[in-house]
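**Student:** Handing you a structure now.
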Amino acid sequence: HPHIDYVGSTLKIEQVTASAVAAEFGTPTYVYSRASIEEAAQRYSQAAQASSVHVALRYAVKANSNLAVLQLLARLGWGFDIVSAGELKRVLAAGGEAGKVVFSGVGKSADDMRFALDVGVECFNVESPSELAALNRVAQAAGKVARVALRVNPDVDAGTHPYISTGLKTNKFGISQDQAAQLALQTAQLEQVQLVGIACHIGSQITTVEPYLDALDKVLDLVEQMEHKGAKIEHIDLGGGLGIRYTDETPPTPQEWLSPLLARISARGFGHRTVVIEPGRSIVGNAGVLLTRTLFLKSTPVKHFAVVDAGMNDLIRPALYSAEQAVVLAEQREGSALKYDIVGPVCESADWLARDRALVLEEGDLLAILSSGAYGMVMASNYNSRGRPAEVMIDGATATLIRPRETPEQLYASERLLP
Ligand code: LLP
């Protein structure tokens with residue numbers, strides 16, 4: 001992991017030791033490396049610049065929506081992919097430009113559409129005929145014309161976990177190819193919407209290029225069909241989804257991912273269109289760790305458990321997707337390892353963070369759960385009335401608290417007792 005590594009037996013995030021972060025801010029705490037985020041973003045920018053095709057970079061806010069993270073990307077000139085007015089407000093608060101925002105999602109409310117129209121987002125990625133009609137109504141009331149892309153469901157198997165695949169015909173996402181062609185025609189009749197793009201998204205944590213090429217071919221077929229009938233498609237949105245290394249995955253680099261896609265686009269005569277990409281996980285995933293302290297070691301007749309102070313409410317990916325993330329000690333120690341299940345304090349058997357990990361552990365040890373920068377804090381909950389973790393950004397030798405730990409009092413501050 002770039003910028004998150006051992007120096008001797010001590011784990012460091014850039015120039016700061018994990019132990020120092022825990023001593024200053026407590027645990028559990030999410031810690032991010034600024035350099036790692038920026039370098040990941042720049043790998044996309046460079047891959048985009050290497051091609052003659054114009055690529056618009058739109059960070060998927062859902063992966064990590066802390067204002068400081070959004071600010072770093074806004075400063076690099078990135079736009080954003082959002083799925084709610086809440087995410088849009090964050091983008092604006094962090095200095096992002098509304099004119100570089102793509103609004104995705106299968107269930108946009110009228111209020112959210114209205115807000116997005118008022119601030120002037122660049123495009124709505126529409127996922128159903130009903131949504132298109134609703135957007136047309138909202139735009140009419142607002143006296144605006146909404147720029148839309150139709151999100152098609154290309155029906156390709158991205159080979160990822162069923163919960164994070166989105167481009168299969170059995171998924172709720174997108175519009176079938178036949179329906180999309182029809183809907184494109186209908187768009188021409190609607191006065192308050194303007195069809196400008198075609199979008200797709202086939203899933204997340206995808207580690208090969210082939211499913212993207214398959215989806216792209218289907219999308220380009222559709223663009224041809226639509227333009228044949230008079231539509232003008234300015235951009236093609238390929239979604240996000242490039243995977244990262246959690247344990248032993250070997251995903252392509254942004255360059256290895258983008259260059260065959262852009263080559264295909266050019267070869268098929270669409271090289272003068274803008275290509276939009278919406279990466280999330282691959283920007284922030286490996287830039288973050290979750291620090292957690294070992295409370296107790298506990299052995300039953302059949303297992304060794306390390307009970308730590310982070311739980312499934314803080315990091316739900318293992319419980320929800322059986323996701324595997326590496327767990328390492330902040331200070332490595334010599335000795336003979338035991339195999340532990342790393343479990344949290346929450347009252348659920350699903351509250352595990354890792355299974356069967358060989359570690360040399362003592363009570364009080366600080367652990368880092370790696371690759372936690374994406375879909376970590378954003379999916380945290382307050383189950384068991386647990387305040388969500390603090391978040392810290394490391395920049396060189398400086399650690400900045402970018403969100404304090406939630407207190408129990410904050411959690412019920414807006415609740416009311418009955419009279
Ligand atoms: N664009 C759209 C329309 C999306 O639905 C997503 C993710 C992205 C972009 C960003 O995809 P990425 O580059 O991050 O793969 N919580 C799950 C991942 C859910 C992803 C949902 N959509 C996890 O923790 O694995």
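Residues in the structure tokens are named by chain (A, B, ... in the order shown) and by number from 1 within that chain; ligands are numbered from 1 in the order shown.
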Please find the residues contacting ligand 1 at a distance of at most 7 Å between atoms, with only C-alpha atoms and all ligand atoms counted, and report them as a list in words.

**Tutor:** Ala60, Ala63, Asp81, Ser104, Gly105, Ile164, His201, Gly203, Ser204, Gln205, Gly239, Gly240, Gly241, Leu242, Gly243, Glu278, Pro279, Gly280, Arg281, Ser282, Arg317, Ala374 and Tyr375 of chain A

**Student:** Grab the residues selected above and save them as a short mmCIF file (atom, residue, chain, number, x, y, z; two decimals), in the first residue's frame with N, CA and C atoms.

**Tutor:**
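Listed below is the output, part_36.cif:
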```cif
data_model
loop_
_atom_site.label_atom_id
_atom_site.label_comp_id
_atom_site.auth_asym_id
_atom_site.auth_seq_id
_atom_site.Cartn_x
_atom_site.Cartn_y
_atom_site.Cartn_z
N ALA A 60 -16.83 9.16 -7.42
CA ALA A 60 -18.08 8.65 -6.83
C ALA A 60 -18.07 8.93 -5.32
N ALA A 63 -18.21 6.51 -2.08
CA ALA A 63 -17.11 5.69 -1.57
C ALA A 63 -16.51 6.28 -0.29
N ASP A 81 -19.65 12.25 -8.89
CA ASP A 81 -20.83 11.44 -9.15
C ASP A 81 -21.57 11.33 -7.83
N SER A 104 -26.49 10.26 -10.25
CA SER A 104 -26.87 8.86 -10.49
C SER A 104 -27.90 8.41 -9.47
N GLY A 105 -28.41 7.21 -9.66
CA GLY A 105 -29.28 6.61 -8.65
C GLY A 105 -30.65 6.26 -9.20
N ILE A 164 -22.81 -6.39 -5.11
CA ILE A 164 -22.22 -5.19 -5.73
C ILE A 164 -22.10 -5.32 -7.25
N HIS A 201 -23.25 1.20 -15.66
CA HIS A 201 -22.38 0.88 -14.51
C HIS A 201 -22.62 -0.59 -14.26
N GLY A 203 -20.93 -2.68 -11.99
CA GLY A 203 -20.65 -3.24 -10.68
C GLY A 203 -19.40 -2.64 -10.10
N SER A 204 -19.03 -3.17 -8.96
CA SER A 204 -17.91 -2.61 -8.22
C SER A 204 -16.91 -3.72 -7.89
N GLN A 205 -15.69 -3.31 -7.54
CA GLN A 205 -14.61 -4.27 -7.25
C GLN A 205 -14.44 -5.25 -8.42
N GLY A 239 -19.34 4.61 -15.92
CA GLY A 239 -19.53 4.27 -14.51
C GLY A 239 -18.19 4.18 -13.80
N GLY A 240 -18.22 3.54 -12.65
CA GLY A 240 -16.98 3.38 -11.88
C GLY A 240 -16.64 1.91 -11.85
N GLY A 241 -16.00 1.50 -10.79
CA GLY A 241 -15.93 0.08 -10.57
C GLY A 241 -14.61 -0.62 -10.66
N LEU A 242 -13.52 0.13 -10.96
CA LEU A 242 -12.24 -0.57 -11.00
C LEU A 242 -11.88 -1.03 -9.58
N GLY A 243 -11.55 -2.31 -9.47
CA GLY A 243 -11.29 -2.90 -8.16
C GLY A 243 -9.93 -2.53 -7.61
N GLU A 278 -16.53 7.31 -13.36
CA GLU A 278 -16.95 7.61 -11.99
C GLU A 278 -16.27 6.69 -10.97
N PRO A 279 -14.96 6.73 -10.87
CA PRO A 279 -14.31 5.82 -9.92
C PRO A 279 -14.50 6.27 -8.47
N GLY A 280 -14.66 5.33 -7.58
CA GLY A 280 -14.77 5.64 -6.17
C GLY A 280 -13.73 4.87 -5.37
N ARG A 281 -13.97 3.57 -5.26
CA ARG A 281 -13.12 2.69 -4.45
C ARG A 281 -11.64 2.82 -4.79
N SER A 282 -11.32 2.87 -6.11
CA SER A 282 -9.91 2.85 -6.51
C SER A 282 -9.21 4.18 -6.22
N ARG A 317 -18.30 -4.06 5.81
CA ARG A 317 -18.03 -4.86 4.61
C ARG A 317 -17.83 -6.36 4.90
N ALA A 374 -12.49 3.14 1.38
CA ALA A 374 -13.73 3.20 0.59
C ALA A 374 -14.80 2.33 1.24
N TYR A 375 -16.02 2.84 1.28
CA TYR A 375 -17.15 2.10 1.82
C TYR A 375 -16.89 1.66 3.26
#
```

**Student:** For Leu11 in chain A, list every protein, DNA or RNA residue within 10 Å, evaluated using only C-alpha atoms, and leave out those in the same chain fewer than 4 positions away; present the list as a PyMOL selection string.

**Tutor:** chain A and resi 4-7+15-19+328-332+367-368

**Student:** Go through range 27-64 of chain A and collect every residue that DSSP, computed from the backbone, puts in strand (DSSP E); the answer should be as a list in words.

**Tutor:**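 Selection result, strand (DSSP E) within range 27-64 of chain A: Thr29, Tyr30, Val31, Tyr32, Ser33, Val55, Ala56, Leu57, Arg58, Tyr59 and Ala60 of chain A.
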
**Student:** Give the answer as one residue: which of A:Leu222, A:Ala133, A:Leu290, A:Ala146 has the shortest atom-to-atom distance to Gly120 in chain A, using only C-alpha atoms?

**Tutor:**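 Of A:Leu222, A:Ala133, A:Leu290, A:Ala146, the one nearest Gly120 in chain A, counting only C-alpha atoms, is A:Ala146.
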
**Student:** Using only C-alpha atoms, find the one residue out of A:Ala56, A:Asp112, A:Thr170, A:Pro28 that sits nearest to Met312 in chain A.

**Tutor:** A:Pro28

**Student:** Give me the residues within 12 Å of Ala98 in chain A as JSON, numbers by chain, counting only C-alpha atoms and dropping any in the same chain fewer than 3 places off.

**Tutor:** {"A": [58, 74, 78, 79, 80, 81, 82, 85, 87, 88, 89, 90, 91, 92, 93, 94, 95, 101, 102, 103, 115, 116, 117, 118, 119, 120, 121, 122, 123, 124]}

**Student:** Report, in Å with one decimal, the straight-line distance from CA of Arg355 in chain A to CA of Met393 in chain A.

**Tutor:** 28.1 Å

**Student:** Enumerate the residues of range 215-357 of chain A with a DSSP assignment of helix (DSSP H, G or I), computed from the backbone, and present them as a ChimeraX atom specification.

**Tutor:** /A:215-228,254-267,281-287,317-321

**Student:** Distance CA of Ala319 in chain A-CA of Leu353 in chain A, one decimal place?

**Tutor:** 7.3 Å
